file target.txt (compact mmCIF, C-alpha atoms and all ligand atoms)
# COMPACT_ATOMS: atom_id res chain seq x y z
CA MET A 1 0.00 0.00 0.00
CA SER A 2 1.41 3.36 -0.93
CA GLY A 3 0.77 7.00 -0.23
CA LEU A 4 -1.15 6.92 3.03
CA LEU A 5 -2.91 10.28 3.22
CA TRP A 6 -1.97 10.71 6.86
CA GLN A 7 1.58 9.38 6.85
CA LYS A 8 4.13 11.48 8.82
CA PRO A 9 7.67 11.85 7.55
CA GLY A 10 10.17 9.65 9.35
CA VAL A 11 7.53 7.38 10.92
CA ALA A 12 7.75 3.91 9.45
CA VAL A 13 4.59 1.87 8.94
CA ASP A 14 4.55 -1.74 10.02
CA ALA A 15 3.20 -4.02 7.30
CA GLN A 16 1.40 -6.43 9.62
CA ILE A 17 -0.23 -3.59 11.53
CA GLN A 18 -1.24 -1.97 8.27
CA ARG A 19 -2.81 -5.23 7.11
CA PHE A 20 -4.79 -5.41 10.33
CA LEU A 21 -5.95 -1.80 9.97
CA ALA A 22 -6.90 -2.25 6.36
CA GLY A 23 -8.63 -5.61 6.66
CA ASP A 24 -10.92 -5.94 3.65
CA ASP A 25 -11.90 -2.28 3.85
CA VAL A 26 -10.68 -1.22 0.42
CA ILE A 27 -12.42 -4.19 -1.18
CA LEU A 28 -15.66 -3.29 0.60
CA ASP A 29 -15.29 0.28 -0.63
CA ARG A 30 -15.83 -1.03 -4.17
CA GLU A 31 -19.47 -1.40 -3.28
CA PHE A 32 -20.06 2.34 -3.01
CA PHE A 33 -17.08 3.66 -4.95
CA LEU A 34 -19.34 5.21 -7.60
CA HIS A 35 -21.27 7.03 -4.89
CA ASP A 36 -18.01 8.27 -3.39
CA ILE A 37 -17.04 9.57 -6.83
CA ALA A 38 -20.44 11.28 -7.26
CA ALA A 39 -20.08 12.93 -3.85
CA SER A 40 -16.53 14.04 -4.75
CA ARG A 41 -17.90 15.78 -7.81
CA ALA A 42 -20.58 17.59 -5.79
CA HIS A 43 -17.95 18.58 -3.21
CA ALA A 44 -15.66 19.96 -5.94
CA GLU A 45 -18.55 21.98 -7.38
CA GLY A 46 -19.24 23.35 -3.91
CA LEU A 47 -15.56 24.32 -3.50
CA GLN A 48 -15.60 26.14 -6.83
CA ARG A 49 -18.77 28.02 -5.82
CA ILE A 50 -17.02 29.45 -2.77
CA GLY A 51 -13.86 30.32 -4.67
CA MET A 52 -11.66 27.52 -3.40
CA LEU A 53 -11.21 26.06 -6.90
CA GLY A 54 -10.90 27.78 -10.27
CA ALA A 55 -13.39 27.01 -13.04
CA ASP A 56 -10.70 25.15 -15.00
CA GLU A 57 -9.75 23.13 -11.94
CA LEU A 58 -13.37 22.13 -11.46
CA GLU A 59 -13.63 21.17 -15.09
CA GLY A 60 -10.55 18.95 -14.79
CA LEU A 61 -11.89 17.34 -11.63
CA ARG A 62 -15.28 16.66 -13.20
CA ARG A 63 -13.65 15.13 -16.24
CA GLU A 64 -11.24 12.93 -14.28
CA LEU A 65 -13.93 11.82 -11.85
CA ALA A 66 -16.06 10.78 -14.83
CA HIS A 67 -13.09 8.88 -16.31
CA LEU A 68 -12.44 7.18 -13.01
CA ALA A 69 -16.08 6.09 -12.81
CA GLU A 70 -15.94 4.75 -16.36
CA ASP A 71 -12.66 2.94 -15.77
CA PHE A 72 -14.01 1.43 -12.56
CA ARG A 73 -17.15 0.20 -14.29
CA SER A 74 -15.20 -1.30 -17.17
CA GLY A 75 -12.60 -2.89 -14.90
CA THR A 76 -9.74 -0.78 -16.30
CA PHE A 77 -9.33 0.72 -12.84
CA VAL A 78 -9.28 -1.82 -10.02
CA LEU A 79 -9.79 -0.68 -6.46
CA ASP A 80 -7.47 -2.90 -4.46
CA GLY A 81 -4.82 -3.10 -1.76
CA ARG A 82 -2.63 -0.53 -3.48
CA TYR A 83 -4.83 1.98 -1.67
CA GLU A 84 -5.74 2.30 1.97
CA ASP A 85 -9.38 2.82 1.00
CA GLY A 86 -11.61 4.06 -1.78
CA HIS A 87 -11.42 7.64 -0.55
CA SER A 88 -7.61 7.67 -0.81
CA ALA A 89 -7.81 6.06 -4.25
CA ILE A 90 -9.93 8.93 -5.57
CA GLU A 91 -7.50 11.56 -4.31
CA ALA A 92 -4.48 9.59 -5.59
CA ARG A 93 -5.96 9.25 -9.05
CA LEU A 94 -6.99 12.93 -9.27
CA THR A 95 -3.55 14.02 -8.10
CA GLU A 96 -1.84 11.73 -10.58
CA ARG A 97 -3.94 13.11 -13.44
CA LEU A 98 -4.35 16.74 -12.41
CA GLY A 99 -1.62 17.69 -9.95
CA ASP A 100 -2.69 20.59 -7.73
CA ALA A 101 -6.43 20.32 -8.44
CA GLY A 102 -6.23 16.73 -7.17
CA ARG A 103 -4.35 17.86 -4.08
CA LYS A 104 -7.14 20.37 -3.40
CA ILE A 105 -10.11 17.97 -3.55
CA HIS A 106 -9.95 17.14 0.14
CA THR A 107 -10.25 20.80 1.21
CA GLY A 108 -12.95 21.02 3.86
CA ARG A 109 -13.83 17.34 3.92
CA SER A 110 -12.82 14.32 5.92
CA ARG A 111 -13.03 10.66 5.12
CA ASN A 112 -15.48 10.67 8.03
CA ASP A 113 -18.12 12.62 6.12
CA GLN A 114 -17.06 11.02 2.85
CA VAL A 115 -17.91 7.54 4.06
CA LEU A 116 -21.16 8.79 5.57
CA VAL A 117 -22.37 10.39 2.38
CA ALA A 118 -21.44 7.36 0.26
CA THR A 119 -23.22 5.03 2.69
CA ARG A 120 -26.38 7.14 2.75
CA LEU A 121 -26.48 7.32 -1.05
CA TRP A 122 -25.98 3.56 -1.29
CA LEU A 123 -28.65 2.79 1.29
CA LYS A 124 -31.16 5.08 -0.40
CA GLU A 125 -30.82 2.99 -3.55
CA LYS A 126 -31.17 -0.26 -1.63
CA LEU A 127 -34.20 0.89 0.35
CA ALA A 128 -35.88 2.08 -2.85
CA ARG A 129 -35.32 -1.45 -4.14
CA VAL A 130 -36.77 -3.05 -0.98
CA ALA A 131 -39.83 -0.80 -1.34
CA SER A 132 -40.34 -1.57 -5.03
CA LEU A 133 -39.85 -5.31 -4.56
CA SER A 134 -42.24 -5.34 -1.61
CA ARG A 135 -44.82 -3.57 -3.76
CA GLU A 136 -44.25 -6.03 -6.58
CA ILE A 137 -44.66 -9.00 -4.23
CA ALA A 138 -47.81 -7.46 -2.77
CA GLY A 139 -49.12 -6.89 -6.29
CA VAL A 140 -48.69 -10.57 -7.24
CA ALA A 141 -50.31 -11.64 -3.97
CA LEU A 142 -53.26 -9.30 -4.57
CA ASP A 143 -53.83 -10.58 -8.11
CA ARG A 144 -53.78 -14.14 -6.89
CA ALA A 145 -56.05 -13.29 -3.94
CA GLN A 146 -58.58 -11.95 -6.41
CA ALA A 147 -58.35 -14.94 -8.73
CA GLU A 148 -58.37 -17.55 -5.95
CA ARG A 149 -60.71 -16.04 -3.43
CA HIS A 150 -63.13 -18.96 -3.79
CA LEU A 151 -60.49 -21.70 -3.63
CA PRO A 152 -60.95 -23.38 -0.24
CA MET A 153 -58.00 -24.36 1.90
CA PRO A 154 -57.68 -25.22 5.56
CA GLY A 155 -56.91 -22.43 8.00
CA TYR A 156 -54.44 -23.52 10.66
CA THR A 157 -53.64 -22.56 14.20
CA HIS A 158 -50.79 -24.42 15.94
CA ILE A 159 -50.30 -26.18 12.56
CA GLN A 160 -53.59 -27.97 13.40
CA ARG A 161 -56.57 -27.72 11.07
CA ALA A 162 -58.87 -25.08 12.50
CA VAL A 163 -61.47 -23.57 10.15
CA VAL A 164 -62.21 -23.35 6.46
CA SER A 165 -60.08 -20.68 4.84
CA SER A 166 -59.26 -19.86 1.22
CA ALA A 167 -56.24 -19.35 -0.96
CA GLY A 168 -57.56 -15.81 -1.39
CA MET A 169 -57.41 -15.21 2.35
CA TRP A 170 -53.89 -16.61 2.48
CA TRP A 171 -52.71 -14.42 -0.41
CA ALA A 172 -54.40 -11.31 0.96
CA GLY A 173 -52.51 -11.80 4.21
CA TRP A 174 -49.16 -11.72 2.42
CA ALA A 175 -50.29 -8.80 0.29
CA GLU A 176 -51.03 -6.68 3.36
CA ALA A 177 -47.76 -7.77 4.99
CA PHE A 178 -45.66 -6.70 2.02
CA ILE A 179 -47.56 -3.42 1.66
CA ASP A 180 -46.53 -2.70 5.26
CA ASP A 181 -42.95 -3.61 4.33
CA ALA A 182 -43.02 -1.23 1.36
CA VAL A 183 -44.30 1.58 3.57
CA ARG A 184 -41.65 0.83 6.17
CA ALA A 185 -38.86 0.91 3.56
CA ALA A 186 -40.17 4.20 2.17
CA ASP A 187 -40.34 5.74 5.65
CA THR A 188 -36.80 4.63 6.38
CA PHE A 189 -35.67 6.00 3.01
CA ALA A 190 -37.03 9.40 4.10
CA LEU A 191 -35.16 9.16 7.42
CA ILE A 192 -31.88 8.42 5.68
CA ASP A 193 -32.38 10.95 2.90
CA CYS A 194 -30.22 13.73 4.36
CA ASN A 195 -26.80 15.04 3.44
CA PRO A 196 -23.90 14.71 5.91
CA LEU A 197 -21.30 16.07 3.44
CA GLY A 198 -19.75 19.24 4.84
CA THR A 199 -19.78 18.06 8.45
CA ALA A 200 -16.12 17.07 7.94
CA ALA A 201 -14.59 15.04 10.74
CA GLY A 202 -17.64 15.63 12.94
CA TYR A 203 -17.20 19.25 14.01
CA GLY A 204 -17.52 21.26 10.79
CA VAL A 205 -14.73 23.22 9.16
CA ASN A 206 -13.65 26.87 8.98
CA LEU A 207 -14.92 27.35 5.43
CA ARG A 208 -18.32 28.52 4.18
CA LEU A 209 -18.96 25.24 2.35
CA ASP A 210 -21.96 25.34 0.03
CA ARG A 211 -23.84 22.53 1.68
CA ASP A 212 -27.10 23.44 -0.04
CA HIS A 213 -25.43 22.85 -3.36
CA THR A 214 -24.10 19.41 -2.45
CA THR A 215 -27.50 18.50 -0.96
CA ALA A 216 -29.31 19.34 -4.20
CA ALA A 217 -26.59 17.96 -6.49
CA LEU A 218 -26.67 14.58 -4.77
CA GLY A 219 -30.47 14.42 -4.71
CA PHE A 220 -30.87 14.56 -0.94
CA SER A 221 -34.13 16.04 0.27
CA ARG A 222 -32.55 17.83 3.23
CA LEU A 223 -29.33 18.69 5.01
CA GLN A 224 -28.11 16.78 8.04
CA VAL A 225 -27.66 19.70 10.36
CA SER A 226 -25.52 18.76 13.33
CA PRO A 227 -21.98 17.56 12.55
CA VAL A 228 -21.90 15.79 15.90
CA TYR A 229 -25.11 13.96 15.06
CA ALA A 230 -23.75 13.15 11.59
CA GLN A 231 -21.21 10.95 13.35
CA LEU A 232 -23.59 9.82 16.08
CA SER A 233 -26.02 8.64 13.42
CA ARG A 234 -23.46 6.34 11.80
CA GLY A 235 -24.43 2.78 12.56
CA LYS A 236 -27.83 3.95 13.70
CA PHE A 237 -29.12 4.72 10.22
CA GLU A 238 -27.59 1.51 8.87
CA LEU A 239 -29.44 -0.31 11.65
CA ALA A 240 -32.70 1.42 10.68
CA ALA A 241 -32.18 0.36 7.07
CA LEU A 242 -31.55 -3.24 8.10
CA GLU A 243 -34.66 -3.15 10.27
CA ALA A 244 -36.71 -2.07 7.26
CA LEU A 245 -35.15 -4.81 5.15
CA GLY A 246 -35.66 -7.24 8.05
CA SER A 247 -39.36 -6.47 8.13
CA ALA A 248 -39.58 -7.85 4.58
CA THR A 249 -37.22 -10.79 5.13
CA LEU A 250 -39.09 -11.76 8.29
CA ASP A 251 -42.28 -11.99 6.24
CA LEU A 252 -40.33 -13.88 3.63
CA ARG A 253 -39.14 -16.32 6.30
CA ARG A 254 -42.71 -17.07 7.39
CA LEU A 255 -43.98 -17.30 3.83
CA ALA A 256 -41.15 -19.70 2.96
CA TRP A 257 -42.07 -21.77 6.00
CA ASP A 258 -45.65 -22.09 4.74
CA LEU A 259 -44.44 -23.12 1.31
CA SER A 260 -41.99 -25.56 2.78
CA LEU A 261 -44.86 -27.26 4.62
CA PHE A 262 -47.27 -27.00 1.69
CA THR A 263 -44.83 -28.63 -0.75
CA SER A 264 -44.25 -31.65 1.51
CA ALA A 265 -46.03 -34.89 0.58
CA GLU A 266 -47.90 -34.69 3.89
CA PHE A 267 -49.63 -31.47 2.88
CA GLY A 268 -49.23 -31.70 -0.90
CA PHE A 269 -51.00 -28.37 -1.38
CA VAL A 270 -48.47 -26.72 -3.67
CA ALA A 271 -46.49 -27.77 -6.70
CA LEU A 272 -43.39 -25.69 -7.29
CA PRO A 273 -42.10 -25.23 -10.83
CA ALA A 274 -39.13 -27.57 -11.30
CA GLN A 275 -36.55 -24.80 -11.56
CA TYR A 276 -37.15 -23.91 -7.91
CA THR A 277 -36.19 -27.39 -6.76
CA THR A 278 -32.97 -29.36 -6.67
CA GLY A 279 -32.18 -33.04 -6.46
CA SER A 280 -30.29 -35.26 -4.08
CA SER A 281 -26.85 -36.67 -4.85
CA ILE A 282 -27.86 -40.05 -3.42
CA MET A 283 -31.67 -40.29 -3.41
CA PRO A 284 -32.89 -40.35 -7.00
CA ASN A 285 -36.48 -39.78 -5.94
CA LYS A 286 -35.90 -36.41 -4.29
CA ARG A 287 -37.08 -32.98 -5.38
CA ASN A 288 -36.01 -30.57 -2.73
CA PRO A 289 -37.35 -27.03 -2.28
CA ASP A 290 -33.90 -25.51 -1.72
CA VAL A 291 -34.85 -22.11 -3.08
CA ILE A 292 -37.55 -21.77 -0.44
CA GLU A 293 -35.19 -22.93 2.26
CA LEU A 294 -32.48 -20.43 1.35
CA MET A 295 -35.15 -17.73 1.24
CA ARG A 296 -36.11 -18.76 4.76
CA ALA A 297 -32.44 -18.59 5.81
CA THR A 298 -32.05 -15.04 4.49
CA HIS A 299 -33.43 -13.33 7.55
CA ALA A 300 -30.61 -14.88 9.59
CA SER A 301 -28.09 -12.83 7.59
CA VAL A 302 -30.11 -9.65 7.99
CA ALA A 303 -30.56 -10.20 11.71
CA ALA A 304 -26.85 -11.00 12.09
CA ALA A 305 -25.93 -7.75 10.34
CA ARG A 306 -28.21 -5.85 12.71
CA THR A 307 -26.70 -7.51 15.73
CA GLU A 308 -23.17 -6.79 14.53
CA ILE A 309 -23.90 -3.09 14.11
CA GLU A 310 -25.80 -2.84 17.37
CA GLN A 311 -22.79 -4.32 19.16
CA LEU A 312 -20.47 -1.83 17.46
CA LEU A 313 -22.49 1.10 18.72
CA SER A 314 -21.21 0.78 22.24
CA LEU A 315 -19.18 3.96 21.69
CA PRO A 316 -18.90 7.51 22.94
CA SER A 317 -19.74 10.33 20.53
CA GLY A 318 -17.42 11.29 17.66
CA TYR A 319 -15.80 9.16 14.97
CA HIS A 320 -14.20 5.85 15.88
CA ARG A 321 -12.60 3.38 13.54
CA ASP A 322 -14.89 0.70 15.01
CA LEU A 323 -17.61 2.20 12.83
CA GLN A 324 -15.87 0.97 9.70
CA ALA A 325 -17.04 -2.54 10.59
CA SER A 326 -20.63 -1.55 9.87
CA LYS A 327 -19.94 -1.58 6.13
CA GLY A 328 -19.41 -5.31 5.75
CA ALA A 329 -22.57 -5.92 7.77
CA ILE A 330 -24.85 -3.80 5.58
CA PHE A 331 -23.34 -5.04 2.34
CA HIS A 332 -23.80 -8.65 3.40
CA GLY A 333 -27.28 -8.13 4.84
CA PHE A 334 -28.60 -6.21 1.84
CA GLY A 335 -26.81 -8.49 -0.62
CA ARG A 336 -28.54 -11.57 0.77
CA GLY A 337 -31.85 -9.89 1.50
CA LEU A 338 -32.35 -8.34 -1.92
CA ALA A 339 -31.19 -11.45 -3.77
CA ALA A 340 -33.94 -13.42 -2.05
CA LEU A 341 -36.67 -10.80 -2.43
CA GLU A 342 -35.85 -10.45 -6.12
CA LEU A 343 -36.76 -14.09 -6.75
CA LEU A 344 -40.02 -13.96 -4.87
CA PRO A 345 -42.45 -12.27 -7.31
CA ALA A 346 -41.89 -14.86 -10.05
CA LEU A 347 -41.92 -17.73 -7.58
CA LEU A 348 -45.27 -16.61 -6.19
CA ALA A 349 -46.72 -15.96 -9.63
CA ASN A 350 -45.78 -19.47 -10.74
CA LEU A 351 -46.71 -21.67 -7.83
CA GLU A 352 -49.61 -24.00 -8.45
CA TRP A 353 -52.19 -25.15 -5.97
CA ARG A 354 -53.31 -28.75 -6.00
CA GLU A 355 -56.99 -28.16 -5.50
CA GLU A 356 -57.94 -31.76 -4.78
CA ARG A 357 -55.46 -31.86 -1.90
CA LEU A 358 -56.72 -28.55 -0.51
CA ARG A 359 -60.30 -29.79 -0.57
CA ALA A 360 -59.40 -33.20 0.84
CA ALA A 361 -57.74 -31.50 3.82
CA ILE A 362 -61.03 -29.90 4.90
CA ASP A 363 -62.88 -32.18 7.32
CA SER A 364 -66.33 -31.73 8.78
CA GLY A 365 -64.93 -30.84 12.21
CA MET A 366 -63.66 -27.60 10.72
CA TYR A 367 -67.23 -26.27 10.57
CA ALA A 368 -67.69 -26.50 14.34
CA THR A 369 -67.07 -22.79 14.90
CA ASP A 370 -69.58 -21.90 12.15
CA VAL A 371 -72.14 -24.24 13.75
CA ALA A 372 -71.67 -22.67 17.18
CA VAL A 373 -71.89 -19.12 15.82
CA ASP A 374 -75.01 -19.95 13.79
CA ALA A 375 -76.66 -21.29 16.96
CA ALA A 376 -75.66 -18.10 18.77
CA ILE A 377 -77.28 -16.08 15.97
CA ALA A 378 -80.43 -18.15 16.57
CA GLY A 379 -80.36 -17.08 20.24
CA VAL A 380 -78.44 -19.85 22.04
CA PRO A 381 -75.84 -18.38 24.45
CA PHE A 382 -72.48 -18.85 22.70
CA ARG A 383 -70.91 -21.01 25.41
CA ASP A 384 -73.84 -23.46 25.27
CA ALA A 385 -73.71 -23.49 21.49
CA TYR A 386 -69.97 -24.13 21.67
CA ARG A 387 -70.44 -27.09 24.01
CA ALA A 388 -73.17 -28.56 21.82
CA ALA A 389 -70.97 -28.25 18.73
CA ALA A 390 -68.03 -29.81 20.60
CA ALA A 391 -70.18 -32.74 21.79
CA SER A 392 -71.50 -33.55 18.33
CA SER A 393 -67.99 -32.91 16.92
CA ASP A 394 -67.75 -34.34 13.39
CA SER A 395 -71.45 -34.66 12.72
CA ALA A 396 -72.12 -31.00 13.58
CA GLY A 397 -70.81 -29.72 10.30
CA GLN A 398 -72.62 -32.17 8.11
CA GLY A 399 -74.29 -30.68 5.08
CA ARG A 400 -72.00 -27.65 5.17
CA THR A 401 -69.67 -26.83 2.33
CA PRO A 402 -66.39 -24.93 2.16
CA GLU A 403 -68.05 -22.44 -0.18
CA GLY A 404 -70.89 -21.81 2.26
CA SER A 405 -68.50 -21.37 5.15
CA LEU A 406 -66.35 -18.94 3.16
CA ALA A 407 -69.32 -16.99 1.84
CA ALA A 408 -70.53 -16.33 5.36
CA ARG A 409 -67.16 -15.01 6.46
CA THR A 410 -65.34 -13.43 3.55
CA SER A 411 -67.99 -12.09 1.16
CA PRO A 412 -68.84 -8.37 0.89
CA GLY A 413 -70.17 -7.03 4.16
CA ALA A 414 -68.81 -9.91 6.25
CA ALA A 415 -66.41 -9.21 9.09
CA VAL A 416 -63.37 -10.34 7.16
CA ASP A 417 -64.55 -9.47 3.69
CA LEU A 418 -61.24 -9.62 1.83
CA ARG A 419 -61.60 -5.96 0.83
CA LEU A 420 -58.98 -6.31 -1.85
CA ASP A 421 -60.02 -2.88 -3.10
CA VAL A 422 -58.79 -1.33 0.16
CA LEU A 423 -55.50 -3.17 -0.13
CA ARG A 424 -55.13 -2.13 -3.76
CA GLU A 425 -55.66 1.48 -2.87
CA ARG A 426 -53.08 1.28 -0.10
CA LEU A 427 -50.64 -0.38 -2.46
CA ALA A 428 -51.15 2.41 -4.99
CA ARG A 429 -50.45 4.99 -2.28
CA ALA A 430 -47.27 3.15 -1.27
CA SER A 431 -45.85 3.71 -4.78
N1 LIG A 501 -12.75 3.35 6.11
C1 LIG A 501 -13.06 4.34 7.09
C2 LIG A 501 -14.46 4.05 7.67
O1 LIG A 501 -15.20 3.37 7.06
C3 LIG A 501 -13.05 5.69 6.49
C4 LIG A 501 -12.94 6.77 7.48
C5 LIG A 501 -11.54 6.83 8.03
N2 LIG A 501 -11.41 7.88 9.00
C6 LIG A 501 -10.46 7.92 9.90
N3 LIG A 501 -10.48 8.92 10.73
N4 LIG A 501 -9.58 6.96 10.00
O2 LIG A 501 -14.77 4.52 8.73
call {"tool": "encode", "arguments": {"input": "target.txt", "output": "structure tokens"}}
result
Amino acid sequence: MSGLLWQKPGVAVDAQIQRFLAGDDVILDREFFLHDIAASRAHAEGLQRIGMLGADELEGLRRELAHLAEDFRSGTFVLDGRYEDGHSAIEARLTERLGDAGRKIHTGRSRNDQVLVATRLWLKEKLARVASLSREIAGVALDRAQAERHLPMPGYTHIQRAVVSSAGMWWAGWAEAFIDDAVRAADTFALIDCNPLGTAAGYGVNLRLDRDHTTAALGFSRLQVSPVYAQLSRGKFELAALEALGSATLDLRRLAWDLSLFTSAEFGFVALPAQYTTGSSIMPNKRNPDVIELMRATHASVAAARTEIEQLLSLPSGYHRDLQASKGAIFHGFGRGLAALELLPALLANLEWREERLRAAIDSGMYATDVAVDAAIAGVPFRDAYRAAAASSDSAGQGRTPEGSLAARTSPGAAVDLRLDVLRERLARAS
């Protein structure tokens, strides 16, 4: 590694210690290198606006930052262990290409606000993706709820058959869950959508930086005001983003659990398209729902990332190098979380119910609650009606049909009318 920005003359650096300090930091910085470059451009523009750079210097910086971005995208420029981190690499490249203008780019900024601004820009993109995927998932679930609202299936409590339910009711449940997740991601996006650039190392700088310009140029909706809070919020806003993602992956975990049960021979409710299954190396008969299982496992990575960051935040105010460790956690958590959510819309759109199995799983005992409630409507005190239905158990529901049971509970005007129109409207507002 060469050219440490902070190296003092005459003080040797120890290679092993440097390796420990660097860790995989520069490799992680690849993830938001383009955001760091974009923020460097906005910072340079701000410096020119307050007279700290000439117009020609700004032009050179803009040009070389654009070249660096292009070279990084094409692989001509590789961000690697030659540099301490991505921030140093930008300055080194600008200095190499432009001389003094490159040496001026760091005027009034610190790597502490540089990393913050890059992280916020990166997370805004990821949260927008969580929101749009959650909306897409909810949209598929709503369409299927509409199409399958009359398809009976057992409703379970304790994984024991309880009452007659429908595929429509099941889908509508996931639709509402993912609408909530979309709203949560959008709310968290708004929380994170503020510009820390200009707060420098955490205490501002003796320059009249044009923070309004960098805020607008980078597409932030507001300025992060307090430089002390800019640092205090590091880790905390990453945690908030992971919580929003975790809200979706937690739903995904439970949905995957349902599908894992439903695809087993014991339930046999769902047939998964073959591409979502794998085989066994030894058991020729197997078709395993590995995709669903890895989807279910995803929340573990998100929760682990949250825990890691929460543990890091046992710190006094101000910048601490500990905070660097939050980067790997968010990259890993969002990498796994989004990869799983991205597969979900098509998986849900393509899964097939096996209607005969759904119907066969509905037994006459599952009408007992309907029978008791009907007796209560006829004037029998509910507890007496309940006992009578329990005593006659299986025979009580005779003559009843899944359709009749569903109609009484989920049709327009009933207590749990699916009200897909309400969900649709909420989904439209979440966009
Ligand atoms: N890689 C560092 C991080 O993520 C960049 C900031 C370094 N600042 C410092 N004062 N050493 O936190």
call {"tool": "residues_near_point", "arguments": {"input": "target.txt", "point": "(-7.5, -6.0, 3.1)", "cutoff": "12 Å", "atoms": "all atoms listed in the file", "output": "list in words"}}
result
Met1, Ala15, Gln16, Ile17, Gln18, Arg19, Phe20, Leu21, Ala22, Gly23, Asp24, Asp25, Val26, Ile27, Leu28, Asp29, Leu79, Asp80, Gly81, Arg82, Tyr83, Glu84, Asp85 and Gly86 of chain A
call {"tool": "residues_near_ligand", "arguments": {"input": "target.txt", "ligand": "ligand LIG 501 (chain A)", "cutoff": "7 Å", "atoms": "all atoms listed in the file", "output": "PyMOL selection string"}}
result
chain A and resi 25+85+111-112+115+319+321+323-324+327
call {"tool": "closest_residue", "arguments": {"input": "target.txt", "among": "A:Trp257, A:Phe269, A:Trp170, A:Phe237", "to": "Ile362 (chain A)", "atoms": "all atoms listed in the file"}}
result
A:Phe269
call {"tool": "atom_distance", "arguments": {"input": "target.txt", "atom1": "CA of Ser392 (chain A)", "atom2": "CA of Thr369 (chain A)"}}
result
12.1 Å
call {"tool": "closest_residue", "arguments": {"input": "target.txt", "among": "A:Gly365, A:Gly51, A:Pro412, A:Pro196", "to": "Val163 (chain A)", "atoms": "all atoms listed in the file"}}
result
A:Gly365
call {"tool": "closest_residue", "arguments": {"input": "target.txt", "among": "A:Gln311, A:Ser166, A:Thr107, A:Ser395", "to": "Ser364 (chain A)", "atoms": "only C-alpha atoms"}}
result
A:Ser395
call {"tool": "residues_around", "arguments": {"input": "target.txt", "residues": "region 142-144 of chain A", "least_positions_apart": "5", "cutoff": "8 Å", "atoms": "only C-alpha atoms", "output": "PyMOL selection string"}}
result
chain A and resi 149+168+171-172+175+349+420+423-424
call {"tool": "atom_distance", "arguments": {"input": "target.txt", "atom1": "CA of Leu259 (chain A)", "atom2": "CA of Ala185 (chain A)"}}
result
24.8 Å
call {"tool": "residues_around", "arguments": {"input": "target.txt", "residues": "Ile192 (chain A)", "least_positions_apart": "6", "cutoff": "9 Å", "atoms": "only C-alpha atoms", "output": "ChimeraX atom specification"}}
result
/A:120-121,123-124,237-238,240-241
call {"tool": "atom_distance", "arguments": {"input": "target.txt", "atom1": "CA of Arg253 (chain A)", "atom2": "CA of Ser405 (chain A)"}}
result
29.8 Å
call {"tool": "closest_residue", "arguments": {"input": "target.txt", "among": "A:Ser264, A:Lys104, A:Val270, A:His35", "to": "Lys286 (chain A)", "atoms": "all atoms listed in the file"}}
result
A:Ser264
call {"tool": "residues_around", "arguments": {"input": "target.txt", "residues": "region 295-300 of chain A", "least_positions_apart": "2", "cutoff": "6 Å", "atoms": "only C-alpha atoms", "output": "ChimeraX atom specification"}}
result
/A:249-250,253,256,292-293,302-304,337,340
call {"tool": "closest_residue", "arguments": {"input": "target.txt", "among": "A:Glu125, A:Glu64, A:Asp56, A:Asp36", "to": "Asp113 (chain A)", "atoms": "only C-alpha atoms"}}
result
A:Asp36
call {"tool": "closest_residue", "arguments": {"input": "target.txt", "among": "A:Arg211, A:Arg336, A:Arg135, A:Arg63", "to": "Ala177 (chain A)", "atoms": "all atoms listed in the file"}}
result
A:Arg135
call {"tool": "residues_around", "arguments": {"input": "target.txt", "residues": "Gly108 (chain A)", "least_positions_apart": "5", "cutoff": "7 Å", "atoms": "only C-alpha atoms", "output": "NGL selection string"}}
result
:A and (200 or 205 or 207)
call {"tool": "residues_around", "arguments": {"input": "target.txt", "residues": "region 68-72 of chain A", "least_positions_apart": "6", "cutoff": "9 Å", "atoms": "only C-alpha atoms", "output": "number ranges by chain"}}
result
A: 30, 33-34, 37-38, 78-79, 90, 93-94
